[in-house]
Structures are given as C-alpha cells and as structure tokens.
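Below is the file upload.cif, which contains mmCIF, C-alpha atoms.
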```cif
data_target
loop_
_atom_site.label_atom_id
_atom_site.label_comp_id
_atom_site.auth_asym_id
_atom_site.auth_seq_id
_atom_site.Cartn_x
_atom_site.Cartn_y
_atom_site.Cartn_z
CA MET A 1 -83.49 13.35 30.75
CA LYS A 2 -85.40 10.09 30.93
CA ASN A 3 -84.96 8.04 27.78
CA SER A 4 -83.07 10.67 25.85
CA LEU A 5 -82.43 10.03 22.17
CA TYR A 6 -79.09 9.52 20.45
CA ILE A 7 -79.03 12.03 17.62
CA VAL A 8 -76.38 12.47 14.93
CA ILE A 9 -76.34 15.79 13.06
CA ILE A 10 -74.39 16.15 9.83
CA GLY A 11 -73.39 19.74 9.13
CA CYS A 12 -72.83 22.45 11.69
CA GLY A 13 -74.06 25.43 9.69
CA ARG A 14 -76.82 27.70 10.95
CA LEU A 15 -79.45 24.93 11.00
CA GLY A 16 -77.22 22.14 12.32
CA LEU A 17 -75.85 24.43 14.99
CA TYR A 18 -79.29 25.50 16.17
CA LEU A 19 -80.47 21.89 16.35
CA ALA A 20 -77.32 20.69 18.13
CA ASN A 21 -77.58 23.41 20.77
CA GLN A 22 -81.32 22.96 21.32
CA LEU A 23 -81.31 19.17 21.46
CA SER A 24 -78.28 19.01 23.73
CA HIS A 25 -79.83 21.64 25.96
CA VAL A 26 -82.98 19.56 26.53
CA GLY A 27 -80.93 16.50 27.41
CA HIS A 28 -80.52 14.43 24.25
CA SER A 29 -77.19 12.80 23.38
CA VAL A 30 -75.94 14.66 20.34
CA VAL A 31 -73.04 14.05 17.95
CA VAL A 32 -72.33 16.76 15.40
CA ILE A 33 -70.14 16.13 12.36
CA ASP A 34 -68.68 18.83 10.12
CA ILE A 35 -65.83 18.90 7.65
CA ASP A 36 -64.77 22.29 9.03
CA GLU A 37 -63.71 22.27 12.66
CA GLY A 38 -64.13 26.05 12.86
CA THR A 39 -67.92 25.71 12.78
CA PHE A 40 -67.84 24.09 16.23
CA ASP A 41 -66.76 27.42 17.72
CA HIS A 42 -70.37 28.55 17.51
CA LEU A 43 -71.70 25.69 19.63
CA SER A 44 -73.18 26.83 22.91
CA PRO A 45 -70.81 26.70 25.91
CA ASP A 46 -73.18 24.20 27.59
CA PHE A 47 -73.25 21.89 24.54
CA SER A 48 -72.57 18.50 26.10
CA GLY A 49 -72.40 16.38 22.95
CA PHE A 50 -69.52 15.17 20.78
CA ARG A 51 -67.94 16.96 17.84
CA ILE A 52 -66.35 15.07 14.99
CA GLU A 53 -64.34 16.85 12.34
CA GLY A 54 -64.60 14.82 9.18
CA ASP A 55 -66.30 14.06 5.88
CA ALA A 56 -69.64 12.42 6.61
CA THR A 57 -69.66 10.72 3.22
CA HIS A 58 -66.91 8.44 4.59
CA ILE A 59 -68.24 5.36 6.34
CA ALA A 60 -65.36 5.48 8.83
CA VAL A 61 -66.52 8.90 10.04
CA LEU A 62 -70.08 7.66 10.49
CA LYS A 63 -68.80 4.62 12.40
CA GLU A 64 -66.79 6.93 14.64
CA ALA A 65 -70.08 8.74 15.36
CA LYS A 66 -71.59 5.35 16.33
CA LEU A 67 -74.35 5.89 13.78
CA GLY A 68 -75.55 2.31 14.26
CA LYS A 69 -76.73 3.30 17.74
CA ALA A 70 -78.51 6.46 16.60
CA ASP A 71 -82.26 6.97 16.96
CA VAL A 72 -82.26 9.96 14.62
CA LEU A 73 -80.01 11.34 11.88
CA PHE A 74 -80.34 14.86 10.55
CA ALA A 75 -78.49 15.69 7.32
CA THR A 76 -78.23 19.49 7.23
CA THR A 77 -75.16 20.31 5.11
CA HIS A 78 -75.40 22.95 2.38
CA GLU A 79 -75.04 20.27 -0.30
CA ASP A 80 -78.25 18.45 -1.25
CA ASN A 81 -76.24 15.59 -2.76
CA VAL A 82 -74.21 15.09 0.39
CA ASN A 83 -77.41 15.08 2.45
CA LEU A 84 -78.97 12.54 0.10
CA MET A 85 -75.97 10.23 0.21
CA VAL A 86 -75.52 10.34 3.98
CA ALA A 87 -79.26 9.92 4.57
CA GLN A 88 -79.33 6.84 2.35
CA VAL A 89 -76.31 5.27 4.05
CA ALA A 90 -77.90 5.98 7.43
CA ARG A 91 -81.13 4.22 6.39
CA LYS A 92 -79.73 1.27 4.45
CA VAL A 93 -76.39 0.51 6.12
CA PHE A 94 -76.81 1.74 9.67
CA LYS A 95 -80.60 1.14 9.90
CA VAL A 96 -81.24 4.44 11.65
CA PRO A 97 -85.01 4.51 12.38
CA HIS A 98 -85.60 8.22 11.73
CA VAL A 99 -83.67 10.03 8.99
CA LEU A 100 -84.44 13.57 7.90
CA ALA A 101 -82.58 15.62 5.29
CA ARG A 102 -82.67 19.25 4.30
CA VAL A 103 -82.94 19.89 0.56
CA TYR A 104 -82.54 23.32 -0.98
CA ASP A 105 -83.83 22.42 -4.41
CA PRO A 106 -87.54 21.56 -4.26
CA ARG A 107 -87.16 19.51 -7.45
CA ARG A 108 -84.96 17.08 -5.55
CA GLU A 109 -87.65 16.39 -2.96
CA GLN A 110 -89.24 13.83 -5.29
CA VAL A 111 -85.97 11.91 -5.69
CA PHE A 112 -85.49 11.80 -1.94
CA ASP A 113 -89.10 10.73 -1.51
CA GLN A 114 -88.67 7.83 -3.94
CA LEU A 115 -85.64 6.71 -1.97
CA GLY A 116 -87.68 6.76 1.24
CA ILE A 117 -85.88 9.74 2.75
CA GLU A 118 -88.00 12.29 4.59
CA THR A 119 -87.04 15.84 3.65
CA ILE A 120 -87.58 19.43 4.66
CA CYS A 121 -87.18 22.11 2.01
CA PRO A 122 -86.87 25.55 3.63
CA THR A 123 -87.72 27.28 0.34
CA SER A 124 -91.00 25.36 -0.03
CA VAL A 125 -91.94 25.92 3.59
CA ALA A 126 -91.18 29.65 3.36
CA ALA A 127 -93.11 29.87 0.09
CA GLU A 128 -96.18 28.32 1.70
CA MET A 129 -95.99 30.88 4.50
CA PHE A 130 -95.76 33.77 2.00
CA LEU A 131 -98.76 32.37 0.12
CA LEU A 132 -100.71 32.15 3.39
CA ALA A 133 -99.96 35.85 3.90
CA VAL A 134 -101.59 36.60 0.53
CA ALA A 135 -104.62 34.54 1.53
CA SER A 136 -104.91 36.46 4.80
CA GLU A 137 -104.55 39.80 2.98
CA ARG A 138 -107.45 38.83 0.73
CA ALA A 139 -109.48 37.71 3.74
CA THR A 140 -108.78 41.07 5.43
CA ARG A 141 -110.13 42.83 2.37
CA GLY A 142 -113.24 40.69 2.59
CA ASP A 143 -112.63 39.15 -0.81
CA ILE A 144 -112.92 35.55 0.28
CA MET B 1 -109.82 36.57 -10.86
CA LYS B 2 -112.30 38.69 -8.94
CA ASN B 3 -110.57 41.31 -6.81
CA SER B 4 -107.06 40.10 -7.51
CA LEU B 5 -104.23 41.66 -5.52
CA TYR B 6 -101.37 43.80 -6.80
CA ILE B 7 -98.22 42.10 -5.54
CA VAL B 8 -94.62 43.31 -5.88
CA ILE B 9 -91.88 40.73 -5.39
CA ILE B 10 -88.28 41.82 -4.85
CA GLY B 11 -85.79 39.14 -5.87
CA CYS B 12 -86.32 36.45 -8.46
CA GLY B 13 -84.28 33.67 -6.84
CA ARG B 14 -85.78 30.29 -6.03
CA LEU B 15 -88.32 31.69 -3.56
CA GLY B 16 -89.25 34.84 -5.52
CA LEU B 17 -89.59 32.82 -8.69
CA TYR B 18 -91.87 30.25 -7.09
CA LEU B 19 -94.08 32.96 -5.61
CA ALA B 20 -94.22 34.96 -8.85
CA ASN B 21 -95.25 31.92 -10.88
CA GLN B 22 -97.82 30.70 -8.36
CA LEU B 23 -99.42 34.07 -7.69
CA SER B 24 -99.59 35.00 -11.37
CA HIS B 25 -101.02 31.57 -12.16
CA VAL B 26 -103.95 32.06 -9.77
CA GLY B 27 -104.73 35.46 -11.25
CA HIS B 28 -102.99 38.09 -9.13
CA SER B 29 -101.23 41.06 -10.74
CA VAL B 30 -97.54 40.48 -10.10
CA VAL B 31 -94.47 42.65 -10.62
CA VAL B 32 -91.12 41.02 -10.06
CA ILE B 33 -87.91 43.06 -9.63
CA ASP B 34 -84.40 41.66 -9.83
CA ILE B 35 -81.01 43.22 -10.40
CA ASP B 36 -80.12 40.34 -12.73
CA GLU B 37 -82.28 40.10 -15.84
CA GLY B 38 -81.13 36.50 -16.38
CA THR B 39 -83.22 35.29 -13.44
CA PHE B 40 -86.40 36.10 -15.38
CA ASP B 41 -85.60 33.28 -17.79
CA HIS B 42 -86.91 30.85 -15.20
CA LEU B 43 -90.35 32.46 -14.99
CA SER B 44 -93.13 30.21 -16.19
CA PRO B 45 -94.16 30.71 -19.85
CA ASP B 46 -97.66 31.65 -18.66
CA PHE B 47 -96.36 34.28 -16.20
CA SER B 48 -98.52 37.30 -17.03
CA GLY B 49 -96.93 39.87 -14.75
CA PHE B 50 -94.27 42.52 -15.26
CA ARG B 51 -90.51 42.13 -14.92
CA ILE B 52 -88.30 45.03 -13.92
CA GLU B 53 -84.53 44.74 -14.09
CA GLY B 54 -83.13 47.07 -11.47
CA ASP B 55 -81.87 47.70 -7.96
CA ALA B 56 -84.86 47.70 -5.61
CA THR B 57 -83.00 49.87 -3.11
CA HIS B 58 -83.47 52.75 -5.58
CA ILE B 59 -86.74 54.61 -5.09
CA ALA B 60 -87.02 55.18 -8.85
CA VAL B 61 -87.17 51.44 -9.43
CA LEU B 62 -89.89 51.03 -6.81
CA LYS B 63 -91.84 53.88 -8.39
CA GLU B 64 -91.53 52.18 -11.76
CA ALA B 65 -93.09 49.12 -10.13
CA LYS B 66 -95.96 51.35 -8.94
CA LEU B 67 -95.32 50.24 -5.38
CA GLY B 68 -97.75 52.87 -4.07
CA LYS B 69 -100.58 50.83 -5.62
CA ALA B 70 -99.42 47.51 -4.18
CA ASP B 71 -101.47 45.48 -1.72
CA VAL B 72 -98.54 43.25 -0.82
CA LEU B 73 -94.74 43.46 -1.02
CA PHE B 74 -92.50 40.43 -0.63
CA ALA B 75 -88.77 41.07 -0.11
CA THR B 76 -87.05 37.80 -1.00
CA THR B 77 -83.52 38.69 -2.10
CA HIS B 78 -80.55 36.78 -0.71
CA GLU B 79 -79.43 39.84 1.26
CA ASP B 80 -81.14 40.37 4.62
CA ASN B 81 -80.09 44.03 4.65
CA VAL B 82 -81.58 44.67 1.22
CA ASN B 83 -84.82 43.00 2.31
CA LEU B 84 -84.91 45.10 5.47
CA MET B 85 -84.32 48.35 3.61
CA VAL B 86 -86.86 47.70 0.86
CA ALA B 87 -89.44 46.45 3.36
CA GLN B 88 -89.07 49.62 5.43
CA VAL B 89 -89.36 51.89 2.41
CA ALA B 90 -92.45 49.97 1.29
CA ARG B 91 -94.09 50.45 4.71
CA LYS B 92 -93.08 54.02 5.47
CA VAL B 93 -92.85 55.72 2.09
CA PHE B 94 -95.24 53.77 -0.11
CA LYS B 95 -97.66 52.73 2.70
CA VAL B 96 -97.98 49.18 1.41
CA PRO B 97 -100.49 47.46 3.72
CA HIS B 98 -98.85 44.03 3.85
CA VAL B 99 -95.05 43.71 3.80
CA LEU B 100 -93.22 40.46 4.37
CA ALA B 101 -89.46 39.87 4.24
CA ARG B 102 -87.32 36.80 4.22
CA VAL B 103 -84.42 36.84 6.67
CA TYR B 104 -81.70 34.23 6.68
CA ASP B 105 -80.16 35.19 10.00
CA PRO B 106 -82.60 34.43 12.84
CA ARG B 107 -80.82 37.05 15.00
CA ARG B 108 -82.05 39.73 12.62
CA GLU B 109 -85.70 38.76 13.12
CA GLN B 110 -85.83 40.87 16.28
CA VAL B 111 -84.56 43.97 14.48
CA PHE B 112 -87.16 43.54 11.77
CA ASP B 113 -89.83 42.95 14.40
CA GLN B 114 -88.95 46.19 16.19
CA LEU B 115 -89.27 48.03 12.90
CA GLY B 116 -92.72 46.54 12.35
CA ILE B 117 -91.68 44.29 9.48
CA GLU B 118 -93.16 40.82 9.36
CA THR B 119 -90.52 38.20 8.57
CA ILE B 120 -90.12 34.59 7.62
CA CYS B 121 -86.85 32.87 8.47
CA PRO B 122 -86.53 29.60 6.54
CA THR B 123 -83.83 28.35 8.93
CA SER B 124 -86.05 28.83 11.98
CA VAL B 125 -89.03 27.25 10.25
CA ALA B 126 -86.95 24.25 9.11
CA ALA B 127 -85.46 23.92 12.60
CA GLU B 128 -88.91 23.76 14.16
CA MET B 129 -89.86 21.00 11.74
CA PHE B 130 -86.72 19.00 12.59
CA LEU B 131 -87.48 19.41 16.31
CA LEU B 132 -91.03 18.18 15.72
CA ALA B 133 -89.51 15.08 14.11
CA VAL B 134 -87.58 14.42 17.32
CA ALA B 135 -90.76 14.83 19.35
CA SER B 136 -92.56 12.36 17.09
CA GLU B 137 -89.69 9.87 17.34
CA ARG B 138 -89.95 10.00 21.13
CA ALA B 139 -93.72 9.60 20.92
CA THR B 140 -93.24 6.55 18.66
CA ARG B 141 -90.97 5.02 21.28
CA GLY B 142 -93.65 5.64 23.88
CA ASP B 143 -91.44 7.97 25.88
CA ILE B 144 -93.88 10.82 26.09
#
```
Kindly present the structure from the file in structure tokens form.
Amino acid sequence: MKNSLYIVIIGCGRLGLYLANQLSHVGHSVVVIDIDEGTFDHLSPDFSGFRIEGDATHIAVLKEAKLGKADVLFATTHEDNVNLMVAQVARKVFKVPHVLARVYDPRREQVFDQLGIETICPTSVAAEMFLLAVASERATRGDI
Amino acid sequence: MKNSLYIVIIGCGRLGLYLANQLSHVGHSVVVIDIDEGTFDHLSPDFSGFRIEGDATHIAVLKEAKLGKADVLFATTHEDNVNLMVAQVARKVFKVPHVLARVYDPRREQVFDQLGIETICPTSVAAEMFLLAVASERATRGDI
C-alpha cells in the first residue's frame, strides 16, 4: 500500500481486534499492545503487524512499540483511565499526530476534550442512533 | 407533546438510562424495565415515566408494561440473548411496530437480522468511526 500509516493500537479486545485486523488487511503497519497475550489468538491469520504483550501505561512498552514513529494511536482498552493516560502520553511525550481514545463513561468525554484528546463513546453514539429511530417512527406516523 | 409515542425500554444501564431520561424529557410516554430496582436511582428527577422492576423475559412483566400498546421497544440490557428474546416477543407476540436491540457481539447481528430485528452494535459503530479517523489522517497527509 502506497504511503501506509504506522498505527499503534492499545487493547486487543473486540474493538482493538477488529481495527487491527481491518487496518492490517488494507496494508497499514499495525502494532497491537495488550496486557494479556491470549487476546492475540483472535487476530486474523493474515494479520501482518506486530504484537506486544505488556502494560501500555509503561513508557518502556510504548518505546518498544516505536510510538514516536506512529501516525495514529488508538486507545481501546476497557479502562477509560488507562485510555486517557496512554492517549495523553502519546500526544505530549511521543507527539503522535492523531490520537483517539474510546471512553465508556460519557461524563468523561469532557475531561478528555479539555486535555485535547479526541474520543469516541460507543454509548453516546448508540444512544443517538436509538433516538434517530424514534424520530423516524414519528415521521412514519406523519407526526412531524 | 402532540402525538407523543409510547416507548418501552428494557434495561436501565447507561444506555437505557440515557434514552429513558431524554425521551421522557421531550414528552414521550416511557416505561423502563430492569431486573435491578437500584438502577432506577439514576433516573432524572423529572423523569415522568413508569418503572417496572422485573425480568423482561417473562411475558407477565411485558404485559404489565402494556407492551401491546407500545409504538417502540428498545432492548438495551447487557445480555445479547435477553435482548434478542425480548425483541422477538415484542415483534411476534405484541406486534410492536418498531423494535430495536443493542448487540455487543457483531457476529450476532446477522442472527438478529435474519429474525427481522433491527440492531445497533456499539462496537461496530465505534470501529467505523475509528476507521474514518484513519481515512482523515491519510487525507491530511495528502495521500488520498
């Protein structure tokens, strides 16, 4: 792939796994980090990236992942606080240009925002889609 | 609210709670069902709907919620199988016109789809948003 990106993914749960497989498949250089080596078993057989077993809140682990070279960091662990910490370190210490973190608790989105970290909250996104369904139901009934 | 909808929400976790508060706030008639009464403590003080403590996989509980009158059912518990079961009962037995279920496991979306149940998978939605971020990063670098 011409000009592929170097992408580091923290967390190899359902979301991290999906992203790692997809992004590797389309030709990006992917490094996935998880504290539990067992999660790597679910990576696609054609996953061509690197796997690092380790705690991403340790600078040494991020250095091993060559985070300083990364174009993108995705923080997708199940712990909002871990995602926040790693995302901040990626921005401030490693100067990663594009950092995105998952947050479960919508109330934390504001904190992340104030710290300049872009976030995606699956609960908020799902909620918006449910609310759109209500709007469409009303439209179907000719109420709006 | 003119022509408000009658909406039954199964599960009062983060998503169910948000939907119940929002939909009640804008004037819809909302019934929220959860097996754990404690979850209702987080409902907004101006929530004007009904709360039913009970197991939504029991027909009696759904009857108590007057599901036959509902315009919309949202199944938002943390159990995909519970959401699937309740969503099916709502469609087939109670003939609810608009049924939407949350599924955590994207592999289950197909099963739901075959059973005619509309689903929202927060993981898939979040993944798409992360992938869009990669596309935008490449666009920023002038690669596409």
Inset, instruction - Please identify every residue of chain B that has at least one atom no more than 6 Å from any atom of chain A, counting all atoms listed in the file, and report them as a list of chain:residue names. - result: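 Putting it all together, I get B:Leu15, B:Pro122, B:Thr123, B:Ala126.
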Inset, instruction - Using the chain letters and residue numbers of this document, give as JSON, numbers by chain the residues selected by the PyMOL selection byres ((chain B and resi 39-43) around 8). - result: {"B": [12, 13, 17, 20, 21, 34, 36, 37, 38, 44, 45, 47, 51]}
Inset, instruction - Neighbourhood query: residues within 7 Å of (-71.8, 16.8, 6.1), file coordinates, counting only C-alpha atoms; return as number ranges by chain. - result: A: 10-11, 33-35, 55-56, 75, 77, 82-83
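Proximity to Lys66 of chain A was assessed for A:Arg108, A:Ser48, A:Tyr6, A:Val103 counting all atoms listed in the file; the smallest distance is recorded for A:Tyr6.
The space separating atom CA of Phe50 of chain B from atom CA of Arg107 of chain A comes to 25.3 Å.
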Inset, instruction - Report as a PyMOL selection string the full result of the PyMOL selection byres ((chain B and resi 65) around 10) when it is applied to this structure. - result: chain B and resi 7-9+30-33+50-52+56+59-64+66-70
Legend entry - Nearest to Leu115 of chain B by atom-to-atom distance, counting only C-alpha atoms, from B:Leu84, B:Val96, B:Asp46, B:Ser29: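 Of B:Leu84, B:Val96, B:Asp46, B:Ser29, the one nearest Leu115 of chain B, counting only C-alpha atoms, is B:Leu84.
Atom CA of Val111 of chain A lies 14.8 Å from atom CA of Glu79 of chain A.
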Inset, instruction - For atom CA of Glu53 of chain B and atom CA of Ala135 of chain A, quote the distance in Å rounded to one decimal. - result: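 Taking atom CA of Glu53 of chain B as the start and atom CA of Ala135 of chain A as the end point, the length is 27.4 Å.
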